[in-house]
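Right, one structure below, let's go through it.
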Amino acid sequence: MATVTGLTAERMLAIEAQSIVDGNVDAEGNLFLIRYDGQTIAAGTVIGPNAASKAYVDDITKGGTQDLKVKSLKITATNDVSATSTSPPFQIGDDSGANMVIDGNEIVPRNNGVGKKLYLEYGANSSTSAYTPTDPGDFSTKGYADANLASAKTYADSKVASAIASTELGTGVNLNTIVTPGVYTQGSTAEAVAGTNYPSSATQGVVAGLLEVFVASSTMMWQRYTPYGQYGDRVYIRGYYSGTWQPWKTLYTADIWDTGWITSGLSFGVASGYAIESYQLRKVGSQVKGQVNVTYSGTTLTTDAGGNLADKNNVLTMPSGWRNTSKAWALINIWVSGLPNWVGRAYNDGTGTIDLVAGSSTGQSLTSGTVLRFVIDYFID
């Protein structure tokens, strides 16, 4: 009989405690072994290429019908794609039909080796035709935009034109009612005069011009009115707040408005027996200067003991826009050959007329054919 030696009772108990008596596999496929003494041993994953998983892999890698579902997908291939490339990093569709290939910075739609348009569905649009943008916020492909630059420019031009277009005010308009922001034109002085609440001045009156309306809210807004042409040496502004339009205020542009010397095109008024021979006038801001030559063709007039003429009033009326009407009067030198003491005076009577006032000498005569040179230098309002 053989005799077993070396195993004591204590050693036998230790071996028994470490014996595997049970085990289980969790939901992730990890195997856990259970010893006789109750301790657990993690034995690693036990899920391998069984028949079901192998069939799945074979299906998705060989053009089958299974869906590939992954949490994330990273493609590291750097192949460049084109209409004819055969090894794209990513491809949707068969080579022989419609497909789309993608690389790191390109998306190329194609059909059997021929490049095609890329269609981007917009909102509820489900048609197969290319989407036509109708608003600047819409999008299109670069190719579509390049092919339609002309129409895109026309669209942009129309938007700009509508943004800066002006509206004609017409006749008899009350400017208090123009409260929509925008630019308005008044092309007729007569139509402006027929309206109400236009800006006006003693020298200009109401004239045609350009109205701009700025609106912050229904209770706060502003209007700016710029007279046309020769009257543009000033701009009028006023504000509206909580139901009330304030009076028009005048902003002068005397530092920049200069008519230059004018020798024709102005309309003067003259008394009977007088005629305009020539003139040279210039307006810089609100200052008028120059000279007007007037020929007398009436009967001889002689100054009385006070140095005055019997017929001296309203000899010359300055053109509209050139009249001194804001001052009580302004002296104007009048030079006559042989009669050195004649002077003129412009009265504030609203008409801009110039009267003749003689010097202190008596017995001076104004005969037919005499040319009176009115030397102009005064300020208008």
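Labeling convention for the structure tokens: chains A, B, ... as they appear, residues from 1 per chain, ligands from 1 in order of appearance.
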Practice problem: From a DSSP calculation on the backbone, collect every residue of stretch 157-309 of chain A in alpha helix (DSSP H) and output the set as a PyMOL selection string. | Solution: chain A and resi 157-164+189-193
Output of the above residues as a PDB file, in the first residue's frame, restricted to C-alpha atoms:
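And here's selection-v1.pdb as it stands now:
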ATOM      1  CA  ASP A 157     -30.005  95.977 -56.425  1.00  0.00           C
ATOM      2  CA  SER A 158     -33.773  95.873 -55.996  1.00  0.00           C
ATOM      3  CA  LYS A 159     -33.412  95.589 -52.229  1.00  0.00           C
ATOM      4  CA  VAL A 160     -31.017  98.557 -52.101  1.00  0.00           C
ATOM      5  CA  ALA A 161     -33.225 100.619 -54.415  1.00  0.00           C
ATOM      6  CA  SER A 162     -36.305  99.987 -52.298  1.00  0.00           C
ATOM      7  CA  ALA A 163     -34.371 100.933 -49.163  1.00  0.00           C
ATOM      8  CA  ILE A 164     -33.324 104.350 -50.512  1.00  0.00           C
ATOM      9  CA  THR A 189     -42.925 124.966 -54.952  1.00  0.00           C
ATOM     10  CA  ALA A 190     -46.570 125.556 -55.869  1.00  0.00           C
ATOM     11  CA  GLU A 191     -47.550 122.182 -54.373  1.00  0.00           C
ATOM     12  CA  ALA A 192     -45.526 122.963 -51.256  1.00  0.00           C
ATOM     13  CA  VAL A 193     -47.271 126.328 -50.872  1.00  0.00           C
TER      14      VAL A 193
END
Need the shell around A:Val81: protein/DNA/RNA residues with any atom at most 7 Å away, counting only C-alpha atoms. Skip same-chain ones fewer than 4 positions apart. Format as a short mmCIF file (atom, residue, chain, number, x, y, z; two decimals) with N, CA and C atoms, in the first residue's frame?
data_model
loop_
_atom_site.label_atom_id
_atom_site.label_comp_id
_atom_site.auth_asym_id
_atom_site.auth_seq_id
_atom_site.Cartn_x
_atom_site.Cartn_y
_atom_site.Cartn_z
N SER A 85 -13.00 59.39 -58.69
CA SER A 85 -12.15 58.68 -57.72
C SER A 85 -12.79 57.36 -57.33
N PRO A 88 -12.64 56.48 -52.24
CA PRO A 88 -12.95 57.59 -51.35
C PRO A 88 -12.94 57.16 -49.89
N VAL A 101 -19.47 61.11 -52.52
CA VAL A 101 -18.23 60.77 -51.83
C VAL A 101 -17.77 61.97 -51.00
N ILE A 102 -17.08 61.67 -49.90
CA ILE A 102 -16.68 62.71 -48.96
C ILE A 102 -15.24 62.49 -48.53
N ASP A 103 -14.45 63.57 -48.51
CA ASP A 103 -13.13 63.50 -47.90
C ASP A 103 -13.04 64.57 -46.82
#
Please identify which residues in stretch 65-244 of chain A DSSP calls strand (DSSP E or B) from the backbone, and express them as a PDB file with N, CA and C atoms, in the first residue's frame.
ATOM      1  N   PHE A  90     -15.142  57.922 -47.797  1.00  0.00           N
ATOM      2  CA  PHE A  90     -16.534  57.618 -47.442  1.00  0.00           C
ATOM      3  C   PHE A  90     -17.394  57.768 -48.686  1.00  0.00           C
ATOM      4  N   GLN A  91     -18.282  56.808 -48.909  1.00  0.00           N
ATOM      5  CA  GLN A  91     -19.148  56.841 -50.086  1.00  0.00           C
ATOM      6  C   GLN A  91     -20.542  56.357 -49.729  1.00  0.00           C
ATOM      7  N   ILE A  92     -21.544  57.087 -50.261  1.00  0.00           N
ATOM      8  CA  ILE A  92     -22.937  56.676 -50.137  1.00  0.00           C
ATOM      9  C   ILE A  92     -23.444  56.360 -51.538  1.00  0.00           C
ATOM     10  N   ALA A  98     -26.096  56.761 -58.841  1.00  0.00           N
ATOM     11  CA  ALA A  98     -25.965  58.018 -58.107  1.00  0.00           C
ATOM     12  C   ALA A  98     -25.311  57.748 -56.762  1.00  0.00           C
ATOM     13  N   ASN A  99     -24.263  58.496 -56.459  1.00  0.00           N
ATOM     14  CA  ASN A  99     -23.574  58.335 -55.183  1.00  0.00           C
ATOM     15  C   ASN A  99     -22.931  59.652 -54.774  1.00  0.00           C
ATOM     16  N   MET A 100     -22.489  59.688 -53.554  1.00  0.00           N
ATOM     17  CA  MET A 100     -21.831  60.888 -53.034  1.00  0.00           C
ATOM     18  C   MET A 100     -20.614  60.453 -52.244  1.00  0.00           C
ATOM     19  N   VAL A 101     -19.471  61.114 -52.516  1.00  0.00           N
ATOM     20  CA  VAL A 101     -18.225  60.767 -51.832  1.00  0.00           C
ATOM     21  C   VAL A 101     -17.769  61.967 -51.003  1.00  0.00           C
ATOM     22  N   ILE A 102     -17.082  61.674 -49.901  1.00  0.00           N
ATOM     23  CA  ILE A 102     -16.684  62.714 -48.957  1.00  0.00           C
ATOM     24  C   ILE A 102     -15.245  62.485 -48.534  1.00  0.00           C
ATOM     25  N   ILE A 107     -17.275  67.536 -50.579  1.00  0.00           N
ATOM     26  CA  ILE A 107     -18.426  66.657 -50.778  1.00  0.00           C
ATOM     27  C   ILE A 107     -18.735  66.677 -52.266  1.00  0.00           C
ATOM     28  N   VAL A 108     -18.656  65.529 -52.924  1.00  0.00           N
ATOM     29  CA  VAL A 108     -18.833  65.473 -54.377  1.00  0.00           C
ATOM     30  C   VAL A 108     -20.002  64.563 -54.714  1.00  0.00           C
ATOM     31  N   PRO A 109     -21.124  65.118 -55.183  1.00  0.00           N
ATOM     32  CA  PRO A 109     -22.213  64.276 -55.699  1.00  0.00           C
ATOM     33  C   PRO A 109     -21.890  63.866 -57.129  1.00  0.00           C
ATOM     34  N   ARG A 110     -22.209  62.649 -57.502  1.00  0.00           N
ATOM     35  CA  ARG A 110     -21.860  62.168 -58.838  1.00  0.00           C
ATOM     36  C   ARG A 110     -22.784  61.026 -59.243  1.00  0.00           C
ATOM     37  N   ASN A 111     -22.691  60.655 -60.502  1.00  0.00           N
ATOM     38  CA  ASN A 111     -23.481  59.535 -61.020  1.00  0.00           C
ATOM     39  C   ASN A 111     -22.644  58.789 -62.044  1.00  0.00           C
ATOM     40  N   VAL A 114     -19.665  60.817 -63.192  1.00  0.00           N
ATOM     41  CA  VAL A 114     -19.937  62.169 -63.698  1.00  0.00           C
ATOM     42  C   VAL A 114     -20.425  63.036 -62.537  1.00  0.00           C
ATOM     43  N   GLY A 115     -19.806  64.220 -62.352  1.00  0.00           N
ATOM     44  CA  GLY A 115     -20.217  65.112 -61.280  1.00  0.00           C
ATOM     45  C   GLY A 115     -21.629  65.634 -61.480  1.00  0.00           C
ATOM     46  N   SER A 166     -37.394 107.287 -52.734  1.00  0.00           N
ATOM     47  CA  SER A 166     -38.133 108.391 -52.127  1.00  0.00           C
ATOM     48  C   SER A 166     -39.576 108.374 -52.608  1.00  0.00           C
ATOM     49  N   THR A 167     -40.435 109.017 -51.838  1.00  0.00           N
ATOM     50  CA  THR A 167     -41.854 109.118 -52.160  1.00  0.00           C
ATOM     51  C   THR A 167     -42.204 110.571 -52.426  1.00  0.00           C
ATOM     52  N   GLU A 168     -42.895 110.832 -53.535  1.00  0.00           N
ATOM     53  CA  GLU A 168     -43.297 112.196 -53.863  1.00  0.00           C
ATOM     54  C   GLU A 168     -44.458 112.620 -52.965  1.00  0.00           C
ATOM     55  N   ASN A 174     -50.168 117.988 -45.518  1.00  0.00           N
ATOM     56  CA  ASN A 174     -49.842 118.502 -44.188  1.00  0.00           C
ATOM     57  C   ASN A 174     -48.648 117.692 -43.666  1.00  0.00           C
ATOM     58  N   GLY A 182     -38.591 107.559 -43.658  1.00  0.00           N
ATOM     59  CA  GLY A 182     -38.239 107.461 -45.065  1.00  0.00           C
ATOM     60  C   GLY A 182     -37.840 108.799 -45.631  1.00  0.00           C
ATOM     61  N   VAL A 183     -37.686 108.814 -46.966  1.00  0.00           N
ATOM     62  CA  VAL A 183     -37.280 110.010 -47.704  1.00  0.00           C
ATOM     63  C   VAL A 183     -38.431 110.415 -48.619  1.00  0.00           C
ATOM     64  N   TYR A 184     -38.778 111.693 -48.595  1.00  0.00           N
ATOM     65  CA  TYR A 184     -39.898 112.206 -49.384  1.00  0.00           C
ATOM     66  C   TYR A 184     -39.420 113.416 -50.184  1.00  0.00           C
ATOM     67  N   THR A 185     -39.915 113.542 -51.403  1.00  0.00           N
ATOM     68  CA  THR A 185     -39.544 114.676 -52.250  1.00  0.00           C
ATOM     69  C   THR A 185     -40.757 115.548 -52.527  1.00  0.00           C
ATOM     70  N   GLN A 186     -40.492 116.841 -52.588  1.00  0.00           N
ATOM     71  CA  GLN A 186     -41.505 117.799 -53.011  1.00  0.00           C
ATOM     72  C   GLN A 186     -40.914 118.542 -54.207  1.00  0.00           C
ATOM     73  N   THR A 196     -49.401 122.413 -45.830  1.00  0.00           N
ATOM     74  CA  THR A 196     -49.339 123.083 -44.529  1.00  0.00           C
ATOM     75  C   THR A 196     -48.181 122.510 -43.715  1.00  0.00           C
ATOM     76  N   SER A 201     -39.171 130.879 -44.528  1.00  0.00           N
ATOM     77  CA  SER A 201     -38.390 132.022 -44.050  1.00  0.00           C
ATOM     78  C   SER A 201     -38.848 133.267 -44.799  1.00  0.00           C
ATOM     79  N   GLY A 205     -39.644 131.988 -48.244  1.00  0.00           N
ATOM     80  CA  GLY A 205     -41.015 131.530 -48.241  1.00  0.00           C
ATOM     81  C   GLY A 205     -41.026 130.011 -48.182  1.00  0.00           C
ATOM     82  N   GLY A 209     -38.450 120.905 -52.040  1.00  0.00           N
ATOM     83  CA  GLY A 209     -37.274 120.384 -51.367  1.00  0.00           C
ATOM     84  C   GLY A 209     -37.396 118.913 -51.034  1.00  0.00           C
ATOM     85  N   LEU A 210     -36.575 118.476 -50.094  1.00  0.00           N
ATOM     86  CA  LEU A 210     -36.465 117.080 -49.690  1.00  0.00           C
ATOM     87  C   LEU A 210     -36.796 116.953 -48.207  1.00  0.00           C
ATOM     88  N   LEU A 211     -37.703 116.034 -47.881  1.00  0.00           N
ATOM     89  CA  LEU A 211     -38.094 115.797 -46.485  1.00  0.00           C
ATOM     90  C   LEU A 211     -37.592 114.422 -46.055  1.00  0.00           C
ATOM     91  N   GLU A 212     -36.948 114.383 -44.871  1.00  0.00           N
ATOM     92  CA  GLU A 212     -36.514 113.122 -44.273  1.00  0.00           C
ATOM     93  C   GLU A 212     -37.211 112.949 -42.929  1.00  0.00           C
ATOM     94  N   VAL A 213     -37.687 111.740 -42.670  1.00  0.00           N
ATOM     95  CA  VAL A 213     -38.415 111.459 -41.430  1.00  0.00           C
ATOM     96  C   VAL A 213     -37.686 110.358 -40.673  1.00  0.00           C
ATOM     97  N   PHE A 214     -37.393 110.621 -39.406  1.00  0.00           N
ATOM     98  CA  PHE A 214     -36.716 109.663 -38.537  1.00  0.00           C
ATOM     99  C   PHE A 214     -37.640 109.356 -37.359  1.00  0.00           C
ATOM    100  N   VAL A 215     -37.858 108.081 -37.080  1.00  0.00           N
ATOM    101  CA  VAL A 215     -38.832 107.695 -36.063  1.00  0.00           C
ATOM    102  C   VAL A 215     -38.165 106.792 -35.029  1.00  0.00           C
ATOM    103  N   ALA A 216     -38.249 107.203 -33.759  1.00  0.00           N
ATOM    104  CA  ALA A 216     -37.798 106.353 -32.656  1.00  0.00           C
ATOM    105  C   ALA A 216     -38.963 105.545 -32.100  1.00  0.00           C
ATOM    106  N   SER A 217     -40.137 106.170 -32.028  1.00  0.00           N
ATOM    107  CA  SER A 217     -41.345 105.505 -31.545  1.00  0.00           C
ATOM    108  C   SER A 217     -42.538 106.336 -31.989  1.00  0.00           C
ATOM    109  N   MET A 220     -42.071 109.778 -30.441  1.00  0.00           N
ATOM    110  CA  MET A 220     -40.829 110.534 -30.615  1.00  0.00           C
ATOM    111  C   MET A 220     -40.323 110.369 -32.035  1.00  0.00           C
ATOM    112  N   MET A 221     -40.223 111.484 -32.761  1.00  0.00           N
ATOM    113  CA  MET A 221     -39.728 111.454 -34.134  1.00  0.00           C
ATOM    114  C   MET A 221     -39.180 112.815 -34.530  1.00  0.00           C
ATOM    115  N   TRP A 222     -38.535 112.868 -35.709  1.00  0.00           N
ATOM    116  CA  TRP A 222     -37.931 114.098 -36.200  1.00  0.00           C
ATOM    117  C   TRP A 222     -38.183 114.233 -37.700  1.00  0.00           C
ATOM    118  N   GLN A 223     -38.191 115.490 -38.174  1.00  0.00           N
ATOM    119  CA  GLN A 223     -38.252 115.776 -39.605  1.00  0.00           C
ATOM    120  C   GLN A 223     -37.122 116.734 -39.960  1.00  0.00           C
ATOM    121  N   ARG A 224     -36.553 116.518 -41.157  1.00  0.00           N
ATOM    122  CA  ARG A 224     -35.510 117.416 -41.678  1.00  0.00           C
ATOM    123  C   ARG A 224     -35.875 117.791 -43.105  1.00  0.00           C
ATOM    124  N   TYR A 225     -35.854 119.081 -43.402  1.00  0.00           N
ATOM    125  CA  TYR A 225     -36.276 119.550 -44.729  1.00  0.00           C
ATOM    126  C   TYR A 225     -35.148 120.361 -45.357  1.00  0.00           C
ATOM    127  N   THR A 226     -34.746 119.971 -46.560  1.00  0.00           N
ATOM    128  CA  THR A 226     -33.686 120.673 -47.293  1.00  0.00           C
ATOM    129  C   THR A 226     -34.284 121.321 -48.538  1.00  0.00           C
ATOM    130  N   PRO A 227     -34.328 122.655 -48.621  1.00  0.00           N
ATOM    131  CA  PRO A 227     -34.847 123.326 -49.818  1.00  0.00           C
ATOM    132  C   PRO A 227     -33.987 123.012 -51.036  1.00  0.00           C
ATOM    133  N   ARG A 234     -29.526 126.505 -46.266  1.00  0.00           N
ATOM    134  CA  ARG A 234     -30.011 126.216 -44.921  1.00  0.00           C
ATOM    135  C   ARG A 234     -30.779 124.892 -44.930  1.00  0.00           C
ATOM    136  N   VAL A 235     -30.879 124.311 -43.751  1.00  0.00           N
ATOM    137  CA  VAL A 235     -31.654 123.076 -43.546  1.00  0.00           C
ATOM    138  C   VAL A 235     -32.556 123.309 -42.347  1.00  0.00           C
ATOM    139  N   TYR A 236     -33.782 122.832 -42.435  1.00  0.00           N
ATOM    140  CA  TYR A 236     -34.746 123.012 -41.347  1.00  0.00           C
ATOM    141  C   TYR A 236     -34.937 121.686 -40.608  1.00  0.00           C
ATOM    142  N   ILE A 237     -35.029 121.754 -39.291  1.00  0.00           N
ATOM    143  CA  ILE A 237     -35.283 120.556 -38.498  1.00  0.00           C
ATOM    144  C   ILE A 237     -36.360 120.850 -37.452  1.00  0.00           C
ATOM    145  N   ARG A 238     -37.071 119.827 -37.043  1.00  0.00           N
ATOM    146  CA  ARG A 238     -38.020 119.953 -35.944  1.00  0.00           C
ATOM    147  C   ARG A 238     -38.262 118.568 -35.344  1.00  0.00           C
ATOM    148  N   GLY A 239     -38.769 118.551 -34.121  1.00  0.00           N
ATOM    149  CA  GLY A 239     -39.007 117.295 -33.433  1.00  0.00           C
ATOM    150  C   GLY A 239     -40.455 117.163 -32.987  1.00  0.00           C
ATOM    151  N   TYR A 240     -40.857 115.919 -32.771  1.00  0.00           N
ATOM    152  CA  TYR A 240     -42.206 115.591 -32.309  1.00  0.00           C
ATOM    153  C   TYR A 240     -42.087 114.780 -31.033  1.00  0.00           C
ATOM    154  N   TYR A 241     -42.868 115.128 -30.025  1.00  0.00           N
ATOM    155  CA  TYR A 241     -42.857 114.346 -28.800  1.00  0.00           C
ATOM    156  C   TYR A 241     -44.219 114.409 -28.125  1.00  0.00           C
ATOM    157  N   THR A 244     -47.023 116.541 -29.907  1.00  0.00           N
ATOM    158  CA  THR A 244     -46.791 117.931 -30.296  1.00  0.00           C
ATOM    159  C   THR A 244     -45.569 118.053 -31.201  1.00  0.00           C
TER     160      THR A 244
END
Self-check item: Top pick for closest residue to A:Val336, considering A:Ser320, A:Val70, A:Ser365, A:Gly352 and counting only C-alpha atoms
Solution: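 Going through A:Ser320, A:Val70, A:Ser365, A:Gly352 one by one, the smallest distance to A:Val336 is for A:Ser365.
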Practice problem: Measure the distance from atom CA of A:Asp355 to atom CA of A:Ile262 in Å and round it to one decimal. | Solution: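 Spanning atom CA of A:Asp355 to atom CA of A:Ile262 is a straight-line distance of 22.9 Å.
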Practice problem: Could you give me, as a PyMOL selection string, the residues within 12 Å of A:Ile15, counting only C-alpha atoms and dropping anything in the same chain fewer than 5 positions from it? | Solution: chain A and resi 7-10+20+35-37
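Nearest residue to A:Ile334, choosing from A:Thr370, A:Thr300, A:Thr171, A:Thr86 and counting only C-alpha atoms: A:Thr370.
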